[in-house]
Structures are given as C-alpha cells and as structure tokens.
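Student: Next up is a structure, given as structure tokens.
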Amino acid sequence: QSKMLEGGILEPIVQQCRTALDSKAKSDHETTRYCLLVLSNLSVSRQNHKLIMAEVLDVLAGFSKHRDIKCRQHAVFSLGNLCANHDNLEPIIRSGAMKTFITYAFPSSDTSTNVQFQAIAALRGIATHQLLRMQCVREGALE
C-alpha cells in the first residue's frame, strides 16, 4: 500500500469520489464504488489513517449519506476501519457519520451482514471513547 500511495494513487481516487458527490455531475457509480473500496482497503492499515483522515474524511462522510446504497455501504466500510483508531473517533463523529452507523447497525432489508458488522464495529470503537460513549446512547445506538 505504501508504494501505491507514494505513486500517487490517492489523488485520482479522491478526485473521482469528489466528482461523484456532486449530484449535477455525470458520474459512473460503479467506478466510484471501486474507488471507495480502494479507500476501504487503505483504511485497514493504521499507518494510512493519518493521511486518510486528513485527505478523505469529508468524502467518506459525504458518501455515508449518499443516494447510492452501495456507495453508502462502502463508505461505512472505510469509516468503520478508521474507528479502530482512538485518535480518529472525534473527527469521525464531527463528520456526522454516527447516524449512518446506527442505521446500518440495525438494518432493514437493504443491507448486508458485512455492512452491519462494520457499523457495529464502528459503534464499538466509538463506545470505547469515554466522552463519545454517551453520545452513542443519546443518538440511539442502544435502542
């Protein structure tokens, strides 16, 4: 992954994702989904978290509310991976992703068990933070 990042893979991926967030832009959701999967894979490695948080958090937060369900799910994968790092929790909460985690943790029929697992893992990570734990409860994570 470090060689890919050194080679500049992040810039075109983020650009594709930013374009897709614009509802007026003609964007290929299939390509965007693969870009989001790359971001998910990159976010597995803790050594990439700082870069992803600085460069991509706003994009992931935007996709966590996107109209395309697969894009939303892939954003949850990435954000869930980032929630494994205690340093990322407060910025992720400020990005507004908590409602999406709660929605996918208690899914209707439109989600997969993988997304549910990732959302629950994200909520678990957030619940380990002494100050954010109560926010989880206030926003309905235990209902």
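Letters A, B, ... mark the chains of the structure tokens in the order given; residue numbers begin at 1 per chain; ligand numbers begin at 1, in order shown.
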Applying 9 Å and only C-alpha atoms, which residues near stretch 49-59 of chain A remain after dropping the ones on its own chain fewer than 2 positions away? List them as a ChimeraX atom specification.
Tutor: /A:10,14,17-18,21,39,42-47,61-64,75,79,82,85,88,91-92,95
Student: How about saving the chosen residues, N, CA, C and O atoms kept, as a tab-separated table (two decimals), in the first residue's frame?
Tutor:
```tsv
chain	number	residue	atom	x	y	z
A	10	LEU	N	-3.80	8.07	-4.50
A	10	LEU	CA	-4.88	8.68	-3.73
A	10	LEU	C	-5.54	9.86	-4.47
A	10	LEU	O	-6.77	9.98	-4.46
A	14	VAL	N	-9.58	10.14	-4.98
A	14	VAL	CA	-10.32	11.17	-4.25
A	14	VAL	C	-11.02	12.11	-5.22
A	14	VAL	O	-12.18	12.50	-5.00
A	17	CYS	N	-14.14	10.46	-6.47
A	17	CYS	CA	-15.15	10.45	-5.41
A	17	CYS	C	-15.76	11.83	-5.20
A	17	CYS	O	-16.98	11.97	-5.04
A	18	ARG	N	-14.95	12.87	-5.21
A	18	ARG	CA	-15.46	14.23	-5.03
A	18	ARG	C	-16.41	14.59	-6.18
A	18	ARG	O	-17.46	15.20	-5.96
A	21	LEU	N	-19.77	13.02	-5.69
A	21	LEU	CA	-20.60	13.63	-4.64
A	21	LEU	C	-21.45	14.79	-5.17
A	21	LEU	O	-22.45	15.14	-4.56
A	39	LEU	N	-10.33	2.88	-0.95
A	39	LEU	CA	-10.20	3.64	0.30
A	39	LEU	C	-10.46	2.75	1.51
A	39	LEU	O	-9.79	2.88	2.54
A	42	LEU	N	-7.31	0.73	1.99
A	42	LEU	CA	-6.25	1.57	2.54
A	42	LEU	C	-6.50	1.88	4.02
A	42	LEU	O	-5.56	1.99	4.80
A	43	SER	N	-7.76	2.00	4.39
A	43	SER	CA	-8.08	2.36	5.78
A	43	SER	C	-7.92	1.19	6.76
A	43	SER	O	-8.01	1.39	7.96
A	44	VAL	N	-7.68	0.01	6.25
A	44	VAL	CA	-7.42	-1.13	7.13
A	44	VAL	C	-6.10	-0.94	7.86
A	44	VAL	O	-5.97	-1.27	9.04
A	45	SER	N	-5.12	-0.39	7.17
A	45	SER	CA	-3.78	-0.22	7.74
A	45	SER	C	-3.71	1.06	8.58
A	45	SER	O	-3.92	2.16	8.08
A	46	ARG	N	-3.38	0.89	9.82
A	46	ARG	CA	-3.30	2.02	10.76
A	46	ARG	C	-2.29	3.07	10.29
A	46	ARG	O	-2.46	4.25	10.55
A	47	GLN	N	-1.26	2.65	9.58
A	47	GLN	CA	-0.25	3.60	9.11
A	47	GLN	C	-0.81	4.57	8.08
A	47	GLN	O	-0.25	5.64	7.85
A	61	ALA	N	-17.51	10.91	4.69
A	61	ALA	CA	-18.69	11.39	5.40
A	61	ALA	C	-19.80	11.73	4.40
A	61	ALA	O	-20.97	11.41	4.64
A	62	GLY	N	-19.44	12.33	3.29
A	62	GLY	CA	-20.42	12.63	2.26
A	62	GLY	C	-21.06	11.38	1.69
A	62	GLY	O	-22.28	11.31	1.48
A	63	PHE	N	-20.25	10.37	1.46
A	63	PHE	CA	-20.78	9.12	0.91
A	63	PHE	C	-21.57	8.33	1.95
A	63	PHE	O	-22.40	7.50	1.58
A	64	SER	N	-21.35	8.58	3.21
A	64	SER	CA	-22.14	7.88	4.23
A	64	SER	C	-23.60	8.30	4.17
A	64	SER	O	-24.46	7.64	4.75
A	75	ALA	N	-18.60	3.43	2.08
A	75	ALA	CA	-18.14	4.48	2.98
A	75	ALA	C	-18.17	3.98	4.42
A	75	ALA	O	-17.24	4.26	5.20
A	79	LEU	N	-15.07	4.02	7.07
A	79	LEU	CA	-15.22	4.70	8.35
A	79	LEU	C	-15.13	3.72	9.51
A	79	LEU	O	-14.55	4.03	10.55
A	82	LEU	N	-11.57	3.03	10.15
A	82	LEU	CA	-10.93	4.18	10.80
A	82	LEU	C	-11.31	4.29	12.28
A	82	LEU	O	-10.55	4.82	13.08
A	85	ASN	N	-9.13	3.18	15.37
A	85	ASN	CA	-8.06	4.04	15.90
A	85	ASN	C	-8.70	5.13	16.76
A	85	ASN	O	-9.46	5.96	16.27
A	88	ASN	N	-9.00	8.82	15.76
A	88	ASN	CA	-9.89	9.21	14.66
A	88	ASN	C	-11.33	9.44	15.10
A	88	ASN	O	-12.13	10.00	14.33
A	91	PRO	N	-13.03	13.29	15.19
A	91	PRO	CA	-13.31	13.85	13.85
A	91	PRO	C	-14.39	13.09	13.08
A	91	PRO	O	-15.19	13.69	12.36
A	92	ILE	N	-14.44	11.78	13.25
A	92	ILE	CA	-15.46	10.99	12.56
A	92	ILE	C	-16.85	11.36	13.08
A	92	ILE	O	-17.78	11.54	12.30
A	95	SER	N	-17.97	14.58	11.74
A	95	SER	CA	-18.33	14.49	10.33
A	95	SER	C	-19.80	14.11	10.12
A	95	SER	O	-20.31	14.19	9.01
```
Student: Leaving out A:Leu36 and any residue of its chain fewer than 2 positions from it, which residues lie within 9 Å of it when counting only C-alpha atoms, given as an MDAnalysis selection string?
Tutor: chainID A and resid 13:14 17 31:34 38:41 60 63 71 74:75 77:78
Student: Now that the selection is made, can you save its residues with N, CA, C and O atoms as an mmCIF file, in the first residue's frame?
Tutor:
```cif
data_model
loop_
_atom_site.group_PDB
_atom_site.id
_atom_site.type_symbol
_atom_site.label_atom_id
_atom_site.label_comp_id
_atom_site.auth_asym_id
_atom_site.auth_seq_id
_atom_site.Cartn_x
_atom_site.Cartn_y
_atom_site.Cartn_z
ATOM 1 N N ILE A 13 -8.241 8.908 -7.111
ATOM 2 C CA ILE A 13 -9.357 8.237 -6.437
ATOM 3 C C ILE A 13 -10.223 9.254 -5.709
ATOM 4 O O ILE A 13 -11.449 9.249 -5.827
ATOM 5 N N VAL A 14 -9.576 10.145 -4.976
ATOM 6 C CA VAL A 14 -10.324 11.171 -4.247
ATOM 7 C C VAL A 14 -11.025 12.108 -5.224
ATOM 8 O O VAL A 14 -12.178 12.501 -5.000
ATOM 9 N N CYS A 17 -14.136 10.463 -6.467
ATOM 10 C CA CYS A 17 -15.153 10.450 -5.407
ATOM 11 C C CYS A 17 -15.763 11.833 -5.201
ATOM 12 O O CYS A 17 -16.977 11.970 -5.044
ATOM 13 N N THR A 31 -17.642 2.930 -10.987
ATOM 14 C CA THR A 31 -16.251 3.357 -10.800
ATOM 15 C C THR A 31 -16.062 3.932 -9.407
ATOM 16 O O THR A 31 -15.075 3.629 -8.726
ATOM 17 N N THR A 32 -17.019 4.732 -8.978
ATOM 18 C CA THR A 32 -16.937 5.343 -7.649
ATOM 19 C C THR A 32 -16.943 4.274 -6.568
ATOM 20 O O THR A 32 -16.198 4.370 -5.587
ATOM 21 N N ARG A 33 -17.753 3.252 -6.740
ATOM 22 C CA ARG A 33 -17.781 2.158 -5.756
ATOM 23 C C ARG A 33 -16.412 1.503 -5.626
ATOM 24 O O ARG A 33 -15.963 1.216 -4.517
ATOM 25 N N TYR A 34 -15.748 1.277 -6.757
ATOM 26 C CA TYR A 34 -14.416 0.673 -6.697
ATOM 27 C C TYR A 34 -13.408 1.614 -6.045
ATOM 28 O O TYR A 34 -12.530 1.168 -5.311
ATOM 29 N N VAL A 38 -11.191 0.862 -2.674
ATOM 30 C CA VAL A 38 -9.751 1.102 -2.510
ATOM 31 C C VAL A 38 -9.514 1.860 -1.204
ATOM 32 O O VAL A 38 -8.616 1.520 -0.427
ATOM 33 N N LEU A 39 -10.335 2.882 -0.950
ATOM 34 C CA LEU A 39 -10.204 3.641 0.297
ATOM 35 C C LEU A 39 -10.462 2.745 1.509
ATOM 36 O O LEU A 39 -9.788 2.884 2.542
ATOM 37 N N SER A 40 -11.393 1.827 1.385
ATOM 38 C CA SER A 40 -11.646 0.873 2.474
ATOM 39 C C SER A 40 -10.423 0.014 2.746
ATOM 40 O O SER A 40 -10.047 -0.209 3.894
ATOM 41 N N ASN A 41 -9.818 -0.475 1.666
ATOM 42 C CA ASN A 41 -8.618 -1.298 1.831
ATOM 43 C C ASN A 41 -7.466 -0.499 2.426
ATOM 44 O O ASN A 41 -6.733 -1.002 3.272
ATOM 45 N N LEU A 60 -15.634 10.578 2.651
ATOM 46 C CA LEU A 60 -16.287 9.408 3.241
ATOM 47 C C LEU A 60 -17.558 9.796 3.981
ATOM 48 O O LEU A 60 -18.574 9.100 3.900
ATOM 49 N N PHE A 63 -20.247 10.375 1.455
ATOM 50 C CA PHE A 63 -20.780 9.121 0.912
ATOM 51 C C PHE A 63 -21.570 8.332 1.949
ATOM 52 O O PHE A 63 -22.396 7.497 1.583
ATOM 53 N N CYS A 71 -22.569 2.820 -2.497
ATOM 54 C CA CYS A 71 -21.581 3.837 -2.115
ATOM 55 C C CYS A 71 -21.646 4.103 -0.619
ATOM 56 O O CYS A 71 -20.610 4.223 0.046
ATOM 57 N N HIS A 74 -19.970 1.190 1.169
ATOM 58 C CA HIS A 74 -18.512 1.208 1.069
ATOM 59 C C HIS A 74 -17.913 2.302 1.941
ATOM 60 O O HIS A 74 -16.829 2.131 2.506
ATOM 61 N N ALA A 75 -18.603 3.426 2.080
ATOM 62 C CA ALA A 75 -18.139 4.480 2.978
ATOM 63 C C ALA A 75 -18.168 3.980 4.421
ATOM 64 O O ALA A 75 -17.242 4.264 5.202
ATOM 65 N N PHE A 77 -17.714 0.919 5.350
ATOM 66 C CA PHE A 77 -16.545 0.036 5.493
ATOM 67 C C PHE A 77 -15.318 0.848 5.872
ATOM 68 O O PHE A 77 -14.588 0.507 6.812
ATOM 69 N N SER A 78 -15.070 1.922 5.134
ATOM 70 C CA SER A 78 -13.888 2.749 5.389
ATOM 71 C C SER A 78 -13.949 3.400 6.762
ATOM 72 O O SER A 78 -12.982 3.356 7.527
#
```
Student: Going by DSSP on the backbone, which bits of chain A are alpha helix (DSSP H)? Write them as a ChimeraX atom specification, please.
Tutor: /A:2-6,10-21,29-44,49-63,69-82,89-94,98-105,113-127,133-138
Student: One decimal, Å: what's the distance from atom CA of A:Ile126 over to atom CA of A:Ala84, could you say?
Tutor: 8.5 Å
Student: So, counting only C-alpha atoms, which residue among A:His66, A:Arg72, A:Met4, A:Thr100 is closest to A:Ala119?
Tutor: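 Between A:His66, A:Arg72, A:Met4, A:Thr100, the residue approaching A:Ala119 most closely is A:Thr100.
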Student: Hey, what's within 12 Å of A:Gln135 if we count only C-alpha atoms and toss same-chain stuff fewer than 3 positions away? As a PyMOL selection string, please?
Tutor: chain A and resi 89-90+93-94+96+98-99+102+123+126-132+138-142
Student: What does the file look like for those residues with C-alpha atoms, as a PDB file, in the first residue's frame?
Tutor:
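Dumped to out_19.pdb:
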```
ATOM      1  CA  LEU A  89     -13.087   8.983  16.683  1.00  0.00           C
ATOM      2  CA  GLU A  90     -13.805  12.633  17.447  1.00  0.00           C
ATOM      3  CA  ILE A  93     -18.255  11.929  14.951  1.00  0.00           C
ATOM      4  CA  ARG A  94     -17.954  15.594  13.957  1.00  0.00           C
ATOM      5  CA  GLY A  96     -21.867  13.312  11.086  1.00  0.00           C
ATOM      6  CA  MET A  98     -22.913   8.418  13.752  1.00  0.00           C
ATOM      7  CA  LYS A  99     -26.472   8.309  12.337  1.00  0.00           C
ATOM      8  CA  ILE A 102     -26.732   3.420  13.813  1.00  0.00           C
ATOM      9  CA  LEU A 123     -20.034   1.942  17.191  1.00  0.00           C
ATOM     10  CA  ILE A 126     -16.773   4.948  19.447  1.00  0.00           C
ATOM     11  CA  ALA A 127     -18.150   3.470  22.676  1.00  0.00           C
ATOM     12  CA  THR A 128     -14.609   2.884  23.941  1.00  0.00           C
ATOM     13  CA  HIS A 129     -14.088   6.656  23.985  1.00  0.00           C
ATOM     14  CA  GLN A 130     -15.038   7.950  27.409  1.00  0.00           C
ATOM     15  CA  LEU A 131     -16.593  11.190  26.154  1.00  0.00           C
ATOM     16  CA  LEU A 132     -18.238   9.849  22.994  1.00  0.00           C
ATOM     17  CA  ARG A 138     -28.122   9.847  23.167  1.00  0.00           C
ATOM     18  CA  GLU A 139     -28.275   9.253  19.422  1.00  0.00           C
ATOM     19  CA  GLY A 140     -29.999   5.902  19.820  1.00  0.00           C
ATOM     20  CA  ALA A 141     -27.284   3.286  19.483  1.00  0.00           C
ATOM     21  CA  LEU A 142     -28.800   1.213  22.304  1.00  0.00           C
TER      22      LEU A 142
END
```
